[in-house]
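**Q** Got a structure for you, written out below as structure tokens; questions coming shortly.
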Amino acid sequence: MSTAIQDPAVTQPPGPHQTSRNRRARSGDLARLILDIPLGIWGAAAVLVFLLLAAAAPQLFMTHDPYAVDPSAAFTVPGTEHLFGTDQNGRDVFSRVVAGAGQSLLIGFTATAIGLTLGGLLGITAGVMGRFVDTAISRAVEVLFAFPGLLLALIVIAISGTGVITSAVAVGIGTAPGYARMLRTQTLQVVAAPYVETAHALGRSPAYTLWHTVIPNVVRPLLVLATLGVGQAVVWASSLSFLGLGAQPPAAEWGAMLADGRSYIQIAWWIAVFPGLFITLAALTTTVVGRYAQRRLEGQE
Amino acid sequence: MSTTTTSTGPTAHTELPRTTASKGALPLVILKRTLGSLFVLWAAVTVAFFVLRLVPGDPVKVILGPNASSPSPATLASIREEFGLNQPLVLQYLDYLTGLLQGDLGTSYVFKVPVLEILGPQILPTLQLAGLAMVFAWAMALAFTLLTVGRSPVLEALGRSVEVLFASVPQFWAGIVLLVIFAVVLGWFPVAGNDGFAALVLPSLALAIPLAGFIAQVTRTSFEEALVQPFVLSARARGLSDWSVRIRHVLRHALLPGLTLSAWAIGSLVSAAVVVEVIFARQGLGRSLVDAITSRDLPITLAVVLIIAAVYIIVNLIVDVLYRVVDPRVQEEPA
């Protein structure tokens, strides 16, 4: 579903590198900047920072050993001792969710990097080369679109087998056609932009223009796309783990934990609900922060 | 929003539908589109066939099952022959294509019966699930749009936030939460299974929630644009009530982008059904796909992939053609 959400990035013709708007924002003092940003964005950013911290240094937050089995404490209701309760093996769900942040986010970042690289290579090549190459790449991407959503990722899993690394690669490949299409449109717009024409008129060589004018302006919005994409990738990767095709139990990975908890949903809702909540939070906060950054970059705020 | 348009035909992908108006008479355009879709379908079949051949391991081992003790070379050879695996790959491919044209999707490695016999009963449950999800998604999206766009800032902000939240919720978590609330705590719906309409409601809702968020976001934008058009002012000036302006005039102009998105979403709905079917322990194509991937049942994997691809391509073709029929700007041109 990422294409729809990220489309605004391409519907706005990209401006040249630095707009006067951006410069003004930068020269404004810090307090003004802080007040400018809506509360909701701060909230989302705070959650995102928490997730990143949990990923980088889980021991900061973990209250228990995420893998310590204690049958006598199985199915403990969420409370002060176990914030999110315990699972069927008496493991602390909160600590497992914190421990899972690293794995889930790492898969998300890796997958996005793979997807953007593949999609970028295809899309920018198509946009810059034009003609025959563009037709060939566009046609190929169109065929890939016939394997919608998770399907392409599932095909990759079918070939490469299950596991953490393969699921990151699978999600990356699954998202690549969407990125390819977006970056092709983006490239076409940049190539047609007045400042590229100016560069040509100034007598710059095509290679120089490509490297110094076209590529930077195509790549600049990538950061935002990446932010939006990570959330999506986390969701897809955890879907694969949920299906038993990605990270395997007893790994403290959100999707795998959710699959585990599904079996006990009638007696202990918290085992499945909390890992799922964090998948949702990761997707939600990256979307909110990413879109805000997008609007700021476009100077529409 | 022309960039959200996902056309499957090979011509003029990005500028649909407005700029293609002058491309000739409607039947000719439809013919071109259909041929384009057939090409994509053929390419999808070809890609899927050859790519899935890369699945590691000997298919004969899958066919024999995990319990087979070392079989004699004669047995192996006869199995190879039976499943056509002794032929060169290109011949296998041509055989498969010929079979497809006759409605034969091959024979399952695991169940040893025609794939269609296994998948036939799975198609309807998945289509029901996706269909009802689409209905729910549109109902929610329209409610958000009609109730919150162009209202007080608080309502607008609320509408926007709910849409972003919905669009970010993964189907499987929506499913878990719905299960906990409506099946476990309230007991209104069954926890799992395929029995009747009641068992269909929660899974469809789980699929519908993120889609509703996406449709509503797109519809909101076009609704906002339509609200400030002169024809709205003139409708109001004629004394029409706010609701009648919204529903009869504005909504009609705001629907098309959402419809295009829906056509695209049908494909991802069917593949997202994979996860939802597993959560709700429902029968369906998605579950068959996951089972087939896990057991390396290549013919079933390939068949499900192709069915989903075909559904996506056909729905997009239909919407593409409908677009031309519905949009008056396209109708004016050919004469």
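Just remember, in the structure tokens the first chain shown is A, the second B, etc., residues are 1-based per chain, and ligands are 1-based in the order shown.
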Please provide as a ChimeraX atom specification all residues within 12 Å of A:Ala136, with the sequence filter that same-chain residues fewer than 5 positions apart are discarded (counting only C-alpha atoms).

**A** /A:122-123,125-127,129-131,141-143 /B:10

**Q** For the residues in that selection, give me N, CA, C and O atoms as a PDB file, in the first residue's frame.

**A**
ATOM      1  N   LEU A 122      16.589   1.162 -11.281  1.00  0.00           N
ATOM      2  CA  LEU A 122      15.661   0.971 -12.401  1.00  0.00           C
ATOM      3  C   LEU A 122      15.006   2.292 -12.802  1.00  0.00           C
ATOM      4  O   LEU A 122      15.000   2.675 -13.971  1.00  0.00           O
ATOM      5  N   GLY A 123      14.452   2.983 -11.804  1.00  0.00           N
ATOM      6  CA  GLY A 123      13.665   4.183 -12.094  1.00  0.00           C
ATOM      7  C   GLY A 123      14.505   5.303 -12.682  1.00  0.00           C
ATOM      8  O   GLY A 123      14.116   5.943 -13.662  1.00  0.00           O
ATOM      9  N   THR A 125      17.476   5.050 -14.151  1.00  0.00           N
ATOM     10  CA  THR A 125      17.944   4.655 -15.487  1.00  0.00           C
ATOM     11  C   THR A 125      16.844   4.887 -16.527  1.00  0.00           C
ATOM     12  O   THR A 125      17.078   5.486 -17.580  1.00  0.00           O
ATOM     13  N   ALA A 126      15.636   4.429 -16.206  1.00  0.00           N
ATOM     14  CA  ALA A 126      14.525   4.593 -17.149  1.00  0.00           C
ATOM     15  C   ALA A 126      14.293   6.072 -17.445  1.00  0.00           C
ATOM     16  O   ALA A 126      14.133   6.477 -18.595  1.00  0.00           O
ATOM     17  N   GLY A 127      14.293   6.885 -16.380  1.00  0.00           N
ATOM     18  CA  GLY A 127      13.982   8.300 -16.554  1.00  0.00           C
ATOM     19  C   GLY A 127      15.054   9.043 -17.331  1.00  0.00           C
ATOM     20  O   GLY A 127      14.755   9.920 -18.140  1.00  0.00           O
ATOM     21  N   MET A 129      17.604   7.639 -19.365  1.00  0.00           N
ATOM     22  CA  MET A 129      17.886   7.105 -20.690  1.00  0.00           C
ATOM     23  C   MET A 129      16.752   7.357 -21.663  1.00  0.00           C
ATOM     24  O   MET A 129      16.983   7.614 -22.843  1.00  0.00           O
ATOM     25  N   GLY A 130      15.511   7.256 -21.175  1.00  0.00           N
ATOM     26  CA  GLY A 130      14.372   7.480 -22.042  1.00  0.00           C
ATOM     27  C   GLY A 130      14.259   6.434 -23.132  1.00  0.00           C
ATOM     28  O   GLY A 130      14.919   5.386 -23.098  1.00  0.00           O
ATOM     29  N   ARG A 131      13.403   6.726 -24.105  1.00  0.00           N
ATOM     30  CA  ARG A 131      13.224   5.897 -25.299  1.00  0.00           C
ATOM     31  C   ARG A 131      13.101   4.414 -25.013  1.00  0.00           C
ATOM     32  O   ARG A 131      12.323   3.992 -24.180  1.00  0.00           O
ATOM     33  N   VAL A 141       8.544  -3.327 -15.059  1.00  0.00           N
ATOM     34  CA  VAL A 141       8.006  -2.945 -13.755  1.00  0.00           C
ATOM     35  C   VAL A 141       6.495  -3.196 -13.717  1.00  0.00           C
ATOM     36  O   VAL A 141       5.949  -3.667 -12.723  1.00  0.00           O
ATOM     37  N   GLU A 142       5.856  -2.912 -14.845  1.00  0.00           N
ATOM     38  CA  GLU A 142       4.416  -3.136 -14.926  1.00  0.00           C
ATOM     39  C   GLU A 142       4.069  -4.607 -14.713  1.00  0.00           C
ATOM     40  O   GLU A 142       3.087  -4.931 -14.056  1.00  0.00           O
ATOM     41  N   VAL A 143       4.886  -5.488 -15.285  1.00  0.00           N
ATOM     42  CA  VAL A 143       4.654  -6.915 -15.098  1.00  0.00           C
ATOM     43  C   VAL A 143       4.834  -7.279 -13.617  1.00  0.00           C
ATOM     44  O   VAL A 143       4.055  -8.033 -13.050  1.00  0.00           O
TER      45      VAL A 143
ATOM     46  N   PRO B  10      -0.052  -1.359 -21.872  1.00  0.00           N
ATOM     47  CA  PRO B  10       1.302  -0.873 -22.074  1.00  0.00           C
ATOM     48  C   PRO B  10       1.358   0.551 -22.613  1.00  0.00           C
ATOM     49  O   PRO B  10       2.413   1.152 -22.618  1.00  0.00           O
TER      50      PRO B  10
END

**Q** Can you pull out the residues contacting stretch 173-181 of chain A? Cut-off 10 Å, using only C-alpha atoms, and skip same-chain residues under 5 positions away; I want them as a PyMOL selection string.

**A** (chain A and resi 1-4+6-7+10+111-127+137-138+140-145+147-156+167-168+186-187+222+225-226+229+232-233+236) or (chain B and resi 3+14)

**Q** Emit the selected residues as a PDB file, in the first residue's frame, including C-alpha atoms.

**A**
ATOM      1  CA  MET A   1       0.000   0.000   0.000  1.00  0.00           C
ATOM      2  CA  SER A   2       3.026   2.193   0.081  1.00  0.00           C
ATOM      3  CA  THR A   3       2.645   3.616  -3.400  1.00  0.00           C
ATOM      4  CA  ALA A   4      -0.521   5.445  -2.594  1.00  0.00           C
ATOM      5  CA  GLN A   6       3.999   8.093  -0.985  1.00  0.00           C
ATOM      6  CA  ASP A   7       2.541   9.431  -4.159  1.00  0.00           C
ATOM      7  CA  VAL A  10       5.940  12.795  -6.997  1.00  0.00           C
ATOM      8  CA  ALA A 111      14.627  -4.007   3.331  1.00  0.00           C
ATOM      9  CA  THR A 112      14.046  -0.316   2.586  1.00  0.00           C
ATOM     10  CA  ALA A 113      17.659   0.153   1.578  1.00  0.00           C
ATOM     11  CA  ILE A 114      17.434  -2.824  -0.769  1.00  0.00           C
ATOM     12  CA  GLY A 115      14.115  -1.676  -2.206  1.00  0.00           C
ATOM     13  CA  LEU A 116      15.291   1.902  -2.732  1.00  0.00           C
ATOM     14  CA  THR A 117      18.566   0.823  -4.315  1.00  0.00           C
ATOM     15  CA  LEU A 118      16.925  -1.594  -6.743  1.00  0.00           C
ATOM     16  CA  GLY A 119      14.014   0.726  -7.462  1.00  0.00           C
ATOM     17  CA  GLY A 120      16.310   3.721  -7.761  1.00  0.00           C
ATOM     18  CA  LEU A 121      18.605   2.008 -10.248  1.00  0.00           C
ATOM     19  CA  LEU A 122      15.661   0.971 -12.401  1.00  0.00           C
ATOM     20  CA  GLY A 123      13.665   4.183 -12.094  1.00  0.00           C
ATOM     21  CA  ILE A 124      16.516   6.657 -12.585  1.00  0.00           C
ATOM     22  CA  THR A 125      17.944   4.655 -15.487  1.00  0.00           C
ATOM     23  CA  ALA A 126      14.525   4.593 -17.149  1.00  0.00           C
ATOM     24  CA  GLY A 127      13.982   8.300 -16.554  1.00  0.00           C
ATOM     25  CA  ILE A 137      12.056  -0.969 -17.844  1.00  0.00           C
ATOM     26  CA  SER A 138       8.550   0.443 -17.543  1.00  0.00           C
ATOM     27  CA  ALA A 140       9.061  -4.909 -16.835  1.00  0.00           C
ATOM     28  CA  VAL A 141       8.006  -2.945 -13.755  1.00  0.00           C
ATOM     29  CA  GLU A 142       4.416  -3.136 -14.926  1.00  0.00           C
ATOM     30  CA  VAL A 143       4.654  -6.915 -15.098  1.00  0.00           C
ATOM     31  CA  LEU A 144       6.070  -6.974 -11.568  1.00  0.00           C
ATOM     32  CA  PHE A 145       3.089  -4.917 -10.433  1.00  0.00           C
ATOM     33  CA  PHE A 147       2.309  -9.538  -8.230  1.00  0.00           C
ATOM     34  CA  PRO A 148       0.769  -7.074  -5.815  1.00  0.00           C
ATOM     35  CA  GLY A 149       1.466  -6.394  -2.169  1.00  0.00           C
ATOM     36  CA  LEU A 150       3.131  -9.178  -0.281  1.00  0.00           C
ATOM     37  CA  LEU A 151       2.945 -11.557  -3.228  1.00  0.00           C
ATOM     38  CA  LEU A 152       6.307 -10.640  -4.727  1.00  0.00           C
ATOM     39  CA  ALA A 153       7.937 -11.006  -1.316  1.00  0.00           C
ATOM     40  CA  LEU A 154       6.258 -14.396  -0.903  1.00  0.00           C
ATOM     41  CA  ILE A 155       7.638 -15.508  -4.276  1.00  0.00           C
ATOM     42  CA  VAL A 156      11.145 -14.548  -3.167  1.00  0.00           C
ATOM     43  CA  SER A 167      12.727 -11.954   4.623  1.00  0.00           C
ATOM     44  CA  ALA A 168      14.541  -8.589   4.564  1.00  0.00           C
ATOM     45  CA  GLN A 186      10.547  11.961 -10.229  1.00  0.00           C
ATOM     46  CA  THR A 187      13.463  11.701 -12.663  1.00  0.00           C
ATOM     47  CA  LEU A 222      14.617   9.800  -1.015  1.00  0.00           C
ATOM     48  CA  LEU A 225      10.589   8.159   1.065  1.00  0.00           C
ATOM     49  CA  ALA A 226      12.911   6.031   3.145  1.00  0.00           C
ATOM     50  CA  GLY A 229       9.181   3.075   3.611  1.00  0.00           C
ATOM     51  CA  GLN A 232       5.878  -0.264   5.609  1.00  0.00           C
ATOM     52  CA  ALA A 233       8.844  -2.625   5.503  1.00  0.00           C
ATOM     53  CA  TRP A 236       5.634  -6.527   5.733  1.00  0.00           C
TER      54      TRP A 236
ATOM     55  CA  THR B   3       0.055   9.260 -10.697  1.00  0.00           C
ATOM     56  CA  THR B  14       1.014   7.745 -16.517  1.00  0.00           C
TER      57      THR B  14
END

**Q** Where does chain B meet chain A within 7 Å, residue by residue, with the nearest atom pair and distance in Å to one decimal for each, counting only C-alpha atoms, listed by chain and rising number, as JSON lines?

**A**
{"residue": "B:Met1", "atom": "CA", "partner": "A:Thr11", "partner_atom": "CA", "distance": 6.9}
{"residue": "B:Thr3", "atom": "CA", "partner": "A:Thr11", "partner_atom": "CA", "distance": 6.9}
{"residue": "B:Thr4", "atom": "CA", "partner": "A:Ala4", "partner_atom": "CA", "distance": 6.3}
{"residue": "B:Thr8", "atom": "CA", "partner": "A:Glu142", "partner_atom": "CA", "distance": 6.8}
{"residue": "B:Pro10", "atom": "CA", "partner": "A:Arg139", "partner_atom": "CA", "distance": 6.7}
{"residue": "B:Val40", "atom": "CA", "partner": "A:Val143", "partner_atom": "CA", "distance": 5.5}
{"residue": "B:Ala43", "atom": "CA", "partner": "A:Val143", "partner_atom": "CA", "distance": 6.5}
{"residue": "B:Ala44", "atom": "CA", "partner": "A:Val143", "partner_atom": "CA", "distance": 5.8}
{"residue": "B:Leu52", "atom": "CA", "partner": "A:Ile159", "partner_atom": "CA", "distance": 6.4}
{"residue": "B:Leu54", "atom": "CA", "partner": "A:Ile159", "partner_atom": "CA", "distance": 6.0}
{"residue": "B:Val55", "atom": "CA", "partner": "A:Ile159", "partner_atom": "CA", "distance": 4.3}
{"residue": "B:Pro56", "atom": "CA", "partner": "A:Ile159", "partner_atom": "CA", "distance": 6.7}
{"residue": "B:Leu165", "atom": "CA", "partner": "A:Leu284", "partner_atom": "CA", "distance": 6.4}
{"residue": "B:Ser168", "atom": "CA", "partner": "A:Leu284", "partner_atom": "CA", "distance": 5.1}
{"residue": "B:Val169", "atom": "CA", "partner": "A:Thr280", "partner_atom": "CA", "distance": 5.3}
{"residue": "B:Pro170", "atom": "CA", "partner": "A:Val235", "partner_atom": "CA", "distance": 6.3}
{"residue": "B:Trp173", "atom": "CA", "partner": "A:Gly276", "partner_atom": "CA", "distance": 5.2}
{"residue": "B:Ile176", "atom": "CA", "partner": "A:Val273", "partner_atom": "CA", "distance": 6.6}
{"residue": "B:Val177", "atom": "CA", "partner": "A:Val273", "partner_atom": "CA", "distance": 6.7}
{"residue": "B:Val180", "atom": "CA", "partner": "A:Trp269", "partner_atom": "CA", "distance": 6.5}
{"residue": "B:Val184", "atom": "CA", "partner": "A:Gln266", "partner_atom": "CA", "distance": 5.8}
{"residue": "B:Gly267", "atom": "CA", "partner": "A:Pro148", "partner_atom": "CA", "distance": 5.5}
{"residue": "B:Ser268", "atom": "CA", "partner": "A:Gly149", "partner_atom": "CA", "distance": 4.6}
{"residue": "B:Ser271", "atom": "CA", "partner": "A:Leu151", "partner_atom": "CA", "distance": 5.9}
{"residue": "B:Ala272", "atom": "CA", "partner": "A:Leu150", "partner_atom": "CA", "distance": 6.7}
{"residue": "B:Val275", "atom": "CA", "partner": "A:Leu243", "partner_atom": "CA", "distance": 6.8}
{"residue": "B:Ile293", "atom": "CA", "partner": "A:Ala158", "partner_atom": "CA", "distance": 5.4}
{"residue": "B:Ala309", "atom": "CA", "partner": "A:Ala146", "partner_atom": "CA", "distance": 4.9}
{"residue": "B:Tyr312", "atom": "CA", "partner": "A:Ala146", "partner_atom": "CA", "distance": 6.3}
{"residue": "B:Ile313", "atom": "CA", "partner": "A:Ala146", "partner_atom": "CA", "distance": 6.4}

**Q** Taking the DSSP secondary structure from the backbone, can you list the residues of stretch 140-209 of chain A that are alpha helix (DSSP H), as an mmCIF file with C-alpha atoms, in the first residue's frame?

**A**
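Full text of part12.cif as output:
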data_model
loop_
_atom_site.group_PDB
_atom_site.id
_atom_site.type_symbol
_atom_site.label_atom_id
_atom_site.label_comp_id
_atom_site.auth_asym_id
_atom_site.auth_seq_id
_atom_site.Cartn_x
_atom_site.Cartn_y
_atom_site.Cartn_z
ATOM 1 C CA ALA A 140 9.061 -4.909 -16.835
ATOM 2 C CA VAL A 141 8.006 -2.945 -13.755
ATOM 3 C CA GLU A 142 4.416 -3.136 -14.926
ATOM 4 C CA VAL A 143 4.654 -6.915 -15.098
ATOM 5 C CA LEU A 144 6.070 -6.974 -11.568
ATOM 6 C CA PHE A 145 3.089 -4.917 -10.433
ATOM 7 C CA LEU A 151 2.945 -11.557 -3.228
ATOM 8 C CA LEU A 152 6.307 -10.640 -4.727
ATOM 9 C CA ALA A 153 7.937 -11.006 -1.316
ATOM 10 C CA LEU A 154 6.258 -14.396 -0.903
ATOM 11 C CA ILE A 155 7.638 -15.508 -4.276
ATOM 12 C CA VAL A 156 11.145 -14.548 -3.167
ATOM 13 C CA ILE A 157 10.636 -16.471 0.082
ATOM 14 C CA ALA A 158 9.476 -19.498 -1.909
ATOM 15 C CA ILE A 159 12.782 -19.457 -3.785
ATOM 16 C CA SER A 160 15.201 -18.465 -1.064
ATOM 17 C CA VAL A 164 15.523 -13.253 8.864
ATOM 18 C CA ILE A 165 17.908 -12.247 6.091
ATOM 19 C CA THR A 166 15.824 -13.696 3.289
ATOM 20 C CA SER A 167 12.727 -11.954 4.623
ATOM 21 C CA ALA A 168 14.541 -8.589 4.564
ATOM 22 C CA VAL A 169 15.648 -9.253 0.984
ATOM 23 C CA ALA A 170 12.161 -10.440 0.064
ATOM 24 C CA VAL A 171 10.505 -7.322 1.444
ATOM 25 C CA GLY A 172 13.107 -5.161 -0.287
ATOM 26 C CA ILE A 173 12.427 -6.787 -3.635
ATOM 27 C CA GLY A 174 8.704 -6.634 -2.967
ATOM 28 C CA THR A 175 8.816 -2.859 -2.527
ATOM 29 C CA ALA A 176 11.241 -2.189 -5.389
ATOM 30 C CA PRO A 177 8.687 -1.900 -8.238
ATOM 31 C CA GLY A 178 6.830 0.831 -6.336
ATOM 32 C CA TYR A 179 10.036 2.784 -5.774
ATOM 33 C CA ALA A 180 11.070 2.261 -9.392
ATOM 34 C CA ARG A 181 7.832 3.780 -10.627
ATOM 35 C CA MET A 182 8.008 6.729 -8.250
ATOM 36 C CA LEU A 183 11.651 7.483 -8.979
ATOM 37 C CA ARG A 184 11.060 7.234 -12.707
ATOM 38 C CA THR A 185 8.330 9.886 -12.488
ATOM 39 C CA GLN A 186 10.547 11.961 -10.229
ATOM 40 C CA THR A 187 13.463 11.701 -12.663
ATOM 41 C CA LEU A 188 11.293 12.646 -15.637
ATOM 42 C CA GLN A 189 10.133 15.743 -13.779
ATOM 43 C CA VAL A 190 13.646 16.753 -12.798
ATOM 44 C CA VAL A 191 14.974 16.191 -16.307
ATOM 45 C CA ALA A 192 12.239 18.439 -17.678
ATOM 46 C CA PRO A 194 13.972 24.615 -16.036
ATOM 47 C CA TYR A 195 17.149 24.404 -13.974
ATOM 48 C CA VAL A 196 18.287 21.356 -15.936
ATOM 49 C CA GLU A 197 17.659 23.239 -19.135
ATOM 50 C CA THR A 198 19.694 26.085 -17.693
ATOM 51 C CA ALA A 199 22.546 23.729 -16.977
ATOM 52 C CA HIS A 200 22.448 22.554 -20.567
ATOM 53 C CA ALA A 201 22.324 26.147 -21.803
ATOM 54 C CA PRO A 206 25.390 15.793 -20.053
ATOM 55 C CA ALA A 207 27.406 13.680 -17.623
ATOM 56 C CA TYR A 208 28.150 16.699 -15.425
ATOM 57 C CA THR A 209 24.492 17.746 -15.451
#

**Q** Of the residues A:Ile271, A:Val218, A:Val289, A:Ala252, which is the one nearest to A:Ala74, using only C-alpha atoms?

**A**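 Nearest candidate to A:Ala74 out of A:Ile271, A:Val218, A:Val289, A:Ala252: A:Ile271.
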
**Q** Write out as a ChimeraX atom specification which residues come within 7 Å of stretch 118-132 of chain B when counting only C-alpha atoms, dropping same-chain ones fewer than 6 positions away.

**A** /B:200,204,269-270,283-285

**Q** Please provide the set of residues having any atom within 10 Å of A:Glu81, restricted to only C-alpha atoms, with same-chain residues fewer than 4 positions apart removed, written as a VMD selection string.

**A** chain A and resid 63 to 64 76 to 77 85 to 86 92

**Q** For the residues selected in the previous step, produce a file with all heavy atoms as a JSON list (two decimals), in the first residue's frame.

**A**
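For reference, again01.json as written:
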[["chain", "number", "residue", "atom", "x", "y", "z"],
["A", 63, "THR", "N", 13.04, -5.00, 31.62],
["A", 63, "THR", "CA", 12.92, -5.24, 33.06],
["A", 63, "THR", "C", 13.26, -6.68, 33.41],
["A", 63, "THR", "O", 13.52, -7.00, 34.55],
["A", 63, "THR", "CB", 11.48, -4.93, 33.51],
["A", 63, "THR", "OG1", 10.58, -5.64, 32.65],
["A", 63, "THR", "CG2", 11.19, -3.44, 33.42],
["A", 64, "HIS", "N", 13.18, -7.56, 32.40],
["A", 64, "HIS", "CA", 13.48, -8.97, 32.62],
["A", 64, "HIS", "C", 14.32, -9.47, 31.46],
["A", 64, "HIS", "O", 14.46, -8.80, 30.45],
["A", 64, "HIS", "CB", 12.19, -9.80, 32.69],
["A", 64, "HIS", "CG", 11.31, -9.44, 33.84],
["A", 64, "HIS", "ND1", 10.57, -8.27, 33.89],
["A", 64, "HIS", "CD2", 11.04, -10.09, 34.99],
["A", 64, "HIS", "CE1", 9.90, -8.22, 35.01],
["A", 64, "HIS", "NE2", 10.15, -9.31, 35.72],
["A", 76, "THR", "N", 0.75, -14.36, 33.19],
["A", 76, "THR", "CA", 0.50, -13.33, 34.19],
["A", 76, "THR", "C", -0.16, -12.13, 33.51],
["A", 76, "THR", "O", 0.27, -11.68, 32.45],
["A", 76, "THR", "CB", 1.81, -12.88, 34.84],
["A", 76, "THR", "OG1", 2.52, -14.04, 35.27],
["A", 76, "THR", "CG2", 1.55, -11.96, 36.03],
["A", 77, "VAL", "N", -1.21, -11.62, 34.15],
["A", 77, "VAL", "CA", -1.92, -10.45, 33.61],
["A", 77, "VAL", "C", -1.00, -9.23, 33.69],
["A", 77, "VAL", "O", -0.20, -9.12, 34.63],
["A", 77, "VAL", "CB", -3.20, -10.21, 34.44],
["A", 77, "VAL", "CG1", -4.01, -9.05, 33.89],
["A", 77, "VAL", "CG2", -4.05, -11.48, 34.45],
["A", 85, "GLY", "N", 2.43, -8.11, 30.91],
["A", 85, "GLY", "CA", 2.11, -9.49, 31.24],
["A", 85, "GLY", "C", 3.21, -10.45, 30.81],
["A", 85, "GLY", "O", 4.29, -10.04, 30.39],
["A", 86, "THR", "N", 2.91, -11.74, 30.92],
["A", 86, "THR", "CA", 3.87, -12.77, 30.49],
["A", 86, "THR", "C", 3.21, -13.72, 29.51],
["A", 86, "THR", "O", 1.98, -13.80, 29.44],
["A", 86, "THR", "CB", 4.40, -13.60, 31.66],
["A", 86, "THR", "OG1", 3.30, -14.30, 32.25],
["A", 86, "THR", "CG2", 5.07, -12.74, 32.70],
["A", 92, "ASP", "N", 8.62, -12.34, 29.98],
["A", 92, "ASP", "CA", 8.07, -11.00, 30.14],
["A", 92, "ASP", "C", 7.81, -10.40, 28.75],
["A", 92, "ASP", "O", 8.75, -10.18, 27.98],
["A", 92, "ASP", "CB", 9.07, -10.14, 30.92],
["A", 92, "ASP", "CG", 8.53, -8.74, 31.16],
["A", 92, "ASP", "OD1", 7.45, -8.62, 31.75],
["A", 92, "ASP", "OD2", 9.20, -7.79, 30.74]]
